[in-house]
Each structure stands twice: as structure tokens, then as C-alpha cells.
file coords-v8.tsv (TSV, C-alpha atoms)
chain	number	residue	atom	x	y	z
A	47	MET	CA	-4.84	-35.92	-44.70
A	48	ILE	CA	-1.50	-34.96	-46.24
A	49	LYS	CA	-0.59	-31.31	-45.88
A	50	ASP	CA	1.22	-29.62	-48.78
A	51	ILE	CA	0.63	-32.61	-51.06
A	52	ASN	CA	1.91	-30.54	-54.00
A	53	ILE	CA	5.35	-30.73	-52.45
A	54	LEU	CA	5.31	-34.53	-52.72
A	55	LYS	CA	4.10	-34.23	-56.32
A	56	SER	CA	7.41	-32.55	-57.15
A	57	LEU	CA	9.54	-35.29	-55.57
A	58	ASN	CA	10.89	-38.73	-56.51
A	59	ILE	CA	10.81	-41.66	-54.10
A	60	LEU	CA	12.96	-44.80	-54.16
A	61	TYR	CA	11.03	-47.83	-52.91
A	62	ALA	CA	12.72	-51.20	-52.29
A	63	GLU	CA	10.70	-54.35	-51.54
A	64	ASP	CA	11.23	-57.98	-52.55
A	65	ASP	CA	7.65	-59.21	-52.00
A	66	LEU	CA	5.95	-58.88	-55.41
A	67	VAL	CA	2.37	-58.48	-54.15
A	68	ILE	CA	3.24	-55.89	-51.50
A	69	LYS	CA	5.55	-54.09	-53.92
A	70	GLU	CA	2.89	-53.73	-56.61
A	71	SER	CA	0.14	-52.55	-54.25
A	72	THR	CA	2.37	-50.09	-52.38
A	73	THR	CA	3.86	-48.74	-55.63
A	74	ARG	CA	0.36	-47.94	-56.90
A	75	ILE	CA	-0.34	-45.97	-53.75
A	76	LEU	CA	2.98	-44.11	-53.83
A	77	LYS	CA	2.36	-43.08	-57.44
A	78	MET	CA	-0.67	-41.14	-56.21
A	79	PHE	CA	1.56	-38.93	-54.08
A	80	PHE	CA	4.95	-38.66	-55.78
A	81	LYS	CA	6.16	-37.37	-59.12
A	82	GLU	CA	8.02	-40.61	-59.86
A	83	VAL	CA	8.44	-43.90	-58.01
A	84	PHE	CA	11.68	-45.82	-58.60
A	85	VAL	CA	11.29	-49.46	-57.57
A	86	ALA	CA	14.03	-51.89	-56.50
A	87	ASN	CA	13.89	-55.59	-55.61
A	88	ASP	CA	16.77	-55.50	-53.11
A	89	GLY	CA	19.35	-53.24	-51.53
A	90	ASN	CA	21.86	-53.55	-54.36
A	91	GLU	CA	19.29	-52.39	-56.93
A	92	ALA	CA	18.26	-49.58	-54.58
A	93	LEU	CA	21.84	-48.30	-54.32
A	94	GLU	CA	22.25	-48.41	-58.10
A	95	ILE	CA	19.06	-46.40	-58.59
A	96	TYR	CA	20.08	-43.93	-55.87
A	97	GLN	CA	23.42	-43.31	-57.58
A	98	ASN	CA	21.92	-42.78	-61.04
A	99	HIS	CA	18.75	-40.80	-60.40
A	100	LYS	CA	17.55	-37.77	-58.47
A	101	ILE	CA	16.01	-39.31	-55.35
A	102	ASP	CA	14.30	-37.17	-52.71
A	103	VAL	CA	12.79	-39.79	-50.37
A	104	ILE	CA	13.72	-43.43	-49.64
A	105	MET	CA	11.47	-46.24	-48.40
A	106	LEU	CA	13.13	-49.61	-47.71
A	107	ASP	CA	11.89	-52.99	-46.58
A	108	TYR	CA	14.08	-54.24	-43.74
A	109	VAL	CA	14.29	-57.90	-44.85
A	110	MET	CA	15.55	-58.18	-48.46
A	111	PRO	CA	17.96	-60.52	-50.25
A	112	ASN	CA	21.57	-59.54	-51.09
A	113	LEU	CA	21.50	-56.33	-49.05
A	114	ASP	CA	18.81	-55.65	-46.46
A	115	GLY	CA	17.09	-52.36	-45.73
A	116	TYR	CA	19.21	-51.54	-42.70
A	117	GLN	CA	22.49	-52.09	-44.56
A	118	THR	CA	21.22	-50.13	-47.55
A	119	ALA	CA	20.07	-47.22	-45.39
A	120	LYS	CA	23.41	-47.19	-43.56
A	121	ILE	CA	25.34	-46.86	-46.83
A	122	ILE	CA	23.03	-44.11	-48.12
A	123	ARG	CA	23.16	-42.28	-44.79
A	124	GLU	CA	26.96	-42.14	-45.05
A	125	LEU	CA	26.53	-40.38	-48.39
A	126	ASN	CA	23.62	-38.17	-47.44
A	127	LYS	CA	22.91	-37.12	-43.84
A	128	LYS	CA	19.57	-35.45	-44.53
A	129	ILE	CA	17.57	-37.41	-47.10
A	130	PRO	CA	14.37	-38.81	-45.51
A	131	ILE	CA	14.57	-42.60	-45.05
A	132	ILE	CA	11.65	-44.84	-44.03
A	133	ILE	CA	12.18	-48.46	-42.97
A	134	VAL	CA	9.28	-50.92	-43.38
A	135	SER	CA	9.17	-54.34	-41.71
A	136	ALA	CA	6.78	-57.10	-40.75
A	137	TYR	CA	8.74	-57.47	-37.53
A	138	THR	CA	9.02	-55.36	-34.39
A	139	ASP	CA	12.24	-56.99	-33.28
A	140	LYS	CA	13.82	-54.84	-30.56
A	141	GLU	CA	17.34	-55.29	-31.93
A	142	LYS	CA	16.24	-54.18	-35.39
A	143	LEU	CA	14.60	-51.10	-33.92
A	144	LEU	CA	17.70	-50.20	-31.92
A	145	ASN	CA	19.90	-50.63	-34.99
A	146	ALA	CA	17.63	-48.38	-37.03
A	147	ILE	CA	17.65	-45.53	-34.49
A	148	GLU	CA	21.23	-44.58	-35.34
A	149	LEU	CA	20.23	-43.98	-38.96
A	150	ASN	CA	18.08	-40.95	-38.10
A	151	LEU	CA	15.03	-42.40	-39.82
A	152	ILE	CA	11.81	-40.57	-40.49
A	153	LYS	CA	9.98	-43.59	-39.14
A	154	TYR	CA	10.08	-47.36	-38.71
A	155	ILE	CA	6.67	-48.68	-39.74
A	156	GLU	CA	5.13	-52.15	-39.66
A	157	LYS	CA	3.58	-54.20	-42.44
A	158	PRO	CA	0.90	-54.23	-43.56
A	159	ILE	CA	1.14	-50.49	-44.11
A	160	LEU	CA	-2.10	-48.89	-43.00
A	161	HIS	CA	-3.42	-45.78	-44.73
A	162	ASP	CA	-3.22	-43.62	-41.61
A	163	ASP	CA	0.35	-44.75	-40.94
A	164	LEU	CA	1.38	-43.85	-44.49
A	165	VAL	CA	-0.28	-40.43	-44.26
A	166	ASN	CA	1.48	-39.74	-40.96
A	167	VAL	CA	4.88	-40.78	-42.29
A	168	LEU	CA	4.48	-38.69	-45.46
A	169	ASN	CA	3.58	-35.65	-43.38
A	170	SER	CA	6.75	-36.32	-41.37
A	171	VAL	CA	8.71	-36.50	-44.64
A	172	ILE	CA	7.43	-33.07	-45.66
A	173	THR	CA	8.33	-31.63	-42.26
A	174	SER	CA	11.83	-33.09	-42.49
A	175	LEU	CA	12.34	-31.72	-45.99
A	176	LYS	CA	11.24	-28.28	-44.88
A	177	ASP	CA	13.39	-28.32	-41.75
A	178	ASN	CA	16.43	-29.29	-43.79
A	179	ASN	CA	15.65	-26.89	-46.64
A	180	LEU	CA	15.63	-29.72	-49.17
A	181	ILE	CA	12.57	-28.81	-51.23
A	182	LEU	CA	14.45	-27.02	-53.96
A	183	THR	CA	14.33	-27.75	-57.69
A	184	LYS	CA	17.22	-26.70	-59.87
A	185	LEU	CA	16.42	-24.31	-62.74
A	186	ASP	CA	19.98	-23.66	-63.91
A	187	GLU	CA	23.49	-23.61	-62.47
A	188	ASN	CA	22.72	-20.70	-60.13
A	189	SER	CA	18.94	-20.82	-59.66
A	190	TYR	CA	16.53	-23.00	-57.70
A	191	TYR	CA	12.79	-22.92	-57.15
A	192	SER	CA	11.45	-23.44	-53.63
A	193	PHE	CA	8.09	-25.19	-53.38
A	194	VAL	CA	7.86	-24.02	-49.77
A	195	SER	CA	8.48	-20.28	-50.11
A	196	LYS	CA	7.22	-20.11	-53.74
A	197	LYS	CA	10.31	-18.09	-54.63
A	198	VAL	CA	13.28	-18.47	-56.93
A	199	ILE	CA	16.60	-18.59	-55.11
A	200	LYS	CA	19.45	-17.25	-57.23
A	201	ASN	CA	22.98	-16.94	-55.89
A	202	ASP	CA	21.50	-17.32	-52.36
A	203	LYS	CA	19.11	-14.39	-52.90
A	204	GLU	CA	15.31	-14.84	-52.91
A	205	ILE	CA	13.30	-13.53	-55.86
A	206	VAL	CA	9.61	-12.90	-55.18
A	207	LEU	CA	7.16	-14.11	-57.83
A	208	THR	CA	3.58	-13.10	-58.60
A	209	LYS	CA	0.76	-15.61	-58.19
A	210	ASN	CA	0.59	-16.17	-61.96
A	211	GLU	CA	4.34	-16.59	-62.21
A	212	VAL	CA	4.28	-19.22	-59.45
A	213	THR	CA	1.51	-21.18	-61.18
A	214	PHE	CA	3.33	-20.93	-64.52
A	215	ILE	CA	6.73	-22.06	-63.25
A	216	GLU	CA	5.23	-24.95	-61.24
A	217	LEU	CA	3.32	-26.01	-64.35
A	218	LEU	CA	6.58	-26.19	-66.29
A	219	LEU	CA	8.37	-27.91	-63.40
A	220	ASP	CA	5.70	-30.61	-63.32
A	221	LYS	CA	6.91	-31.78	-66.76
A	222	PRO	CA	10.47	-30.52	-67.27
A	223	ASN	CA	11.85	-30.61	-70.81
A	224	GLN	CA	8.35	-31.17	-72.17
A	225	LEU	CA	6.24	-28.74	-74.16
A	226	ILE	CA	3.37	-27.13	-72.24
A	227	SER	CA	0.88	-25.75	-74.74
A	228	LYS	CA	-0.38	-22.18	-74.69
A	229	GLU	CA	-3.92	-23.50	-74.18
A	230	VAL	CA	-2.93	-25.43	-71.04
A	231	ILE	CA	-1.04	-22.42	-69.68
A	232	GLU	CA	-4.01	-20.12	-70.29
A	233	ASN	CA	-6.38	-22.50	-68.51
A	234	GLU	CA	-4.09	-23.14	-65.54
A	235	VAL	CA	-2.55	-19.69	-65.06
A	236	PHE	CA	-5.21	-17.24	-66.23
A	237	LYS	CA	-8.28	-19.49	-65.94
A	238	GLU	CA	-9.45	-18.11	-69.27
A	239	SER	CA	-8.33	-17.47	-72.82
A	240	VAL	CA	-6.05	-14.42	-73.07
A	241	ASP	CA	-4.44	-12.61	-75.96
A	242	GLU	CA	-0.95	-13.70	-76.93
A	243	ASN	CA	0.68	-10.49	-75.67
A	244	THR	CA	-0.56	-11.11	-72.11
A	245	LEU	CA	1.13	-14.49	-71.97
A	246	ARG	CA	4.24	-13.29	-73.78
A	247	ASN	CA	4.63	-10.31	-71.44
A	248	MET	CA	4.31	-12.47	-68.34
A	249	VAL	CA	7.03	-14.82	-69.59
A	250	TYR	CA	9.22	-11.86	-70.57
A	251	ARG	CA	8.94	-10.32	-67.10
A	252	LEU	CA	9.61	-13.67	-65.42
A	253	ARG	CA	12.71	-14.32	-67.53
A	254	LYS	CA	14.02	-10.87	-66.75
A	255	LYS	CA	13.26	-11.27	-63.06
A	256	ILE	CA	15.04	-14.61	-62.62
A	257	ASP	CA	17.71	-13.85	-65.26
A	258	SER	CA	17.68	-17.37	-66.66
A	259	ASP	CA	17.44	-18.99	-70.10
A	260	SER	CA	15.79	-22.11	-68.69
A	261	ILE	CA	12.32	-21.11	-69.98
A	262	VAL	CA	12.29	-21.90	-73.70
A	263	THR	CA	9.73	-20.63	-76.21
A	264	ILE	CA	8.44	-23.12	-78.77
A	265	LYS	CA	7.12	-20.79	-81.45
A	266	ASP	CA	3.33	-20.77	-81.83
A	267	LEU	CA	2.99	-23.81	-79.56
A	268	GLY	CA	3.96	-22.98	-75.98
A	269	TYR	CA	6.85	-23.19	-73.54
A	270	LEU	CA	9.10	-25.70	-71.81
A	271	LEU	CA	11.50	-25.63	-68.91
A	272	LYS	CA	14.92	-26.83	-69.98
A	273	ILE	CA	16.66	-28.51	-67.03
call {"tool": "encode", "arguments": {"input": "coords-v8.tsv", "output": "C-alpha cells"}}
result
Amino acid sequence: MIKDINILKSLNILYAEDDLVIKESTTRILKMFFKEVFVANDGNEALEIYQNHKIDVIMLDYVMPNLDGYQTAKIIRELNKKIPIIIVSAYTDKEKLLNAIELNLIKYIEKPILHDDLVNVLNSVITSLKDNNLILTKLDENSYYSFVSKKVIKNDKEIVLTKNEVTFIELLLDKPNQLISKEVIENEVFKESVDENTLRNMVYRLRKKIDSDSIVTIKDLGYLLKI
């Protein structure tokens, strides 16, 4: 069982694998856990995706054409010391394992990937992200939301949110830059239909509390989080 699965639901993973069958099956599984799965066929594609998208977790097959998983991980590790990296391989070659140790991997796991192994490695990913304080989502230039503490961090100061405010902001974060209707917000936040002033007042207090223009009102329709 994966603890704090909602944390993974807020994250993007980069997955590189050249075997089409394995890639398709594993991608389907990863999509159950992560917000978005970026897929690469080799190390060169993986590096291009890493450089052009927000990537929170990396999962690489060891043996790939053009640039293998070890070489790819080594380049990424030079750029980012903390991002969780998982290496997958059909081999348990001792030399490969020794090479991988220096990369500070989350885990080196064997193919075929068993369900329990994947659950264990994803729990390790969450632990690593927490330990390195990496589970933060940017709201604006000075503000971040922490999925761990359920607080907004602004200019290095923590802002405490109410239960409804947490549910509301995570609802908007789940689909940034997309309209979330008033009906959906009522159902998810208040669990019932409420008058318009109740919703408007909650948003007003939240905006004032976090001092940010990132929450945008779409008149008569709902709200969106502009990131």
C-alpha cells in the first residue's frame, strides 16, 4: 500500500524504456499514481524532456540505445543532486550495481517489475521527497504550497490554512490554469450546495491570507489557479 498517494498525484514522472511492450504496460500503471507521465525511448529523449518540463521523479531502464540509463542518470545527477532516480534492469550485473551506487539512487529494481517492488520504491520516493523538502508546488514568484505540511510557504514563512482552504487549493492545483466549476468546488469542499457568499467569502479570506493573485475568479462559473 502506498502511503500519502495524494503526494504522487501532484507529481510528474519521467519514464525511459526502449522495449515497447514493457513501456506501454508500465506507463499505464504509472498513470494510476502520478499526475503526468512523460515517456522517452532512450536517454537522449529523456534528457530533452527533463530540460523542457517540470519533472519530479525519474525512472530509467539501464539498457537503452544512444544513451543508457546509467549515463542518463549521471548527467541528470550532475544537474540535480536530490531528484529521486530509479534504475530498472533485467540484469543484476555486479558492475552495473556498483556503478549505480554512486548516483544516490532511490532503488535499483529488476524486470519484470513486480507490484510489491513498485509499491516499495514509490514509498521510498515519497520519503526521499519529504526528507529533501521537495514536495512544493509554486503558486507565484514568492509562494509555494506544501503537500506535506498542508501550508502555504511565502517568503520562507508558513501560512496555516483551514481544512476547507486546503481542499480548495489542492482542487485547483490538481488542474492548474483550468476552470473548476462552482458546483465541483461545493461538492468537494463543502460536501453540499452552499450559497454564493459562503464560497466567495472563503476565497476572499484565502486570497488575503496568502496575499497572492494566483486564484482567478471566472464570473458566474468558478475559479482557476493561474500558474
call {"tool": "closest_residue", "arguments": {"input": "coords-v8.tsv", "among": "A:Pro158, A:Lys100, A:Ala119, A:Ala92", "to": "Val67 in chain A", "atoms": "only C-alpha atoms"}}
result
A:Pro158
call {"tool": "atom_distance", "arguments": {"input": "coords-v8.tsv", "atom1": "CA of Asp177 in chain A", "atom2": "CA of Asp50 in chain A"}}
result
14.1 Å
call {"tool": "residues_around", "arguments": {"input": "coords-v8.tsv", "residues": "range 108-113 of chain A", "least_positions_apart": "6", "cutoff": "8 Å", "atoms": "only C-alpha atoms", "output": "short mmCIF file (atom, residue, chain, number, x, y, z; two decimals) with C-alpha atoms, in the coordinates of the input"}}
result
data_model
loop_
_atom_site.label_atom_id
_atom_site.label_comp_id
_atom_site.auth_asym_id
_atom_site.auth_seq_id
_atom_site.Cartn_x
_atom_site.Cartn_y
_atom_site.Cartn_z
CA GLU A 63 10.70 -54.35 -51.54
CA ASP A 64 11.23 -57.98 -52.55
CA ASN A 87 13.89 -55.59 -55.61
CA ASP A 88 16.77 -55.50 -53.11
CA GLY A 89 19.35 -53.24 -51.53
CA ASN A 90 21.86 -53.55 -54.36
CA ILE A 133 12.18 -48.46 -42.97
CA VAL A 134 9.28 -50.92 -43.38
CA SER A 135 9.17 -54.34 -41.71
#
call {"tool": "closest_residue", "arguments": {"input": "coords-v8.tsv", "among": "A:Ser239, A:Ser260, A:Leu93, A:Asn52", "to": "Thr213 in chain A", "atoms": "all atoms listed in the file"}}
result
A:Asn52
call {"tool": "closest_residue", "arguments": {"input": "coords-v8.tsv", "among": "A:Lys254, A:Phe236, A:Val167, A:Arg246", "to": "Leu207 in chain A", "atoms": "all atoms listed in the file"}}
result
A:Lys254
call {"tool": "closest_residue", "arguments": {"input": "coords-v8.tsv", "among": "A:Lys237, A:Lys49, A:Lys184, A:His99", "to": "Ile172 in chain A", "atoms": "only C-alpha atoms"}}
result
A:Lys49
call {"tool": "atom_distance", "arguments": {"input": "coords-v8.tsv", "atom1": "CA of Val240 in chain A", "atom2": "CA of Lys221 in chain A"}}
result
22.6 Å
call {"tool": "residues_around", "arguments": {"input": "coords-v8.tsv", "residues": "Asn188 in chain A", "least_positions_apart": "4", "cutoff": "9 Å", "atoms": "all atoms listed in the file", "output": "tab-separated table (two decimals) with C-alpha atoms, keeping the file's coordinate frame"}}
result
chain	number	residue	atom	x	y	z
A	184	LYS	CA	17.22	-26.70	-59.87
A	199	ILE	CA	16.60	-18.59	-55.11
A	200	LYS	CA	19.45	-17.25	-57.23
A	201	ASN	CA	22.98	-16.94	-55.89
A	202	ASP	CA	21.50	-17.32	-52.36
A	258	SER	CA	17.68	-17.37	-66.66
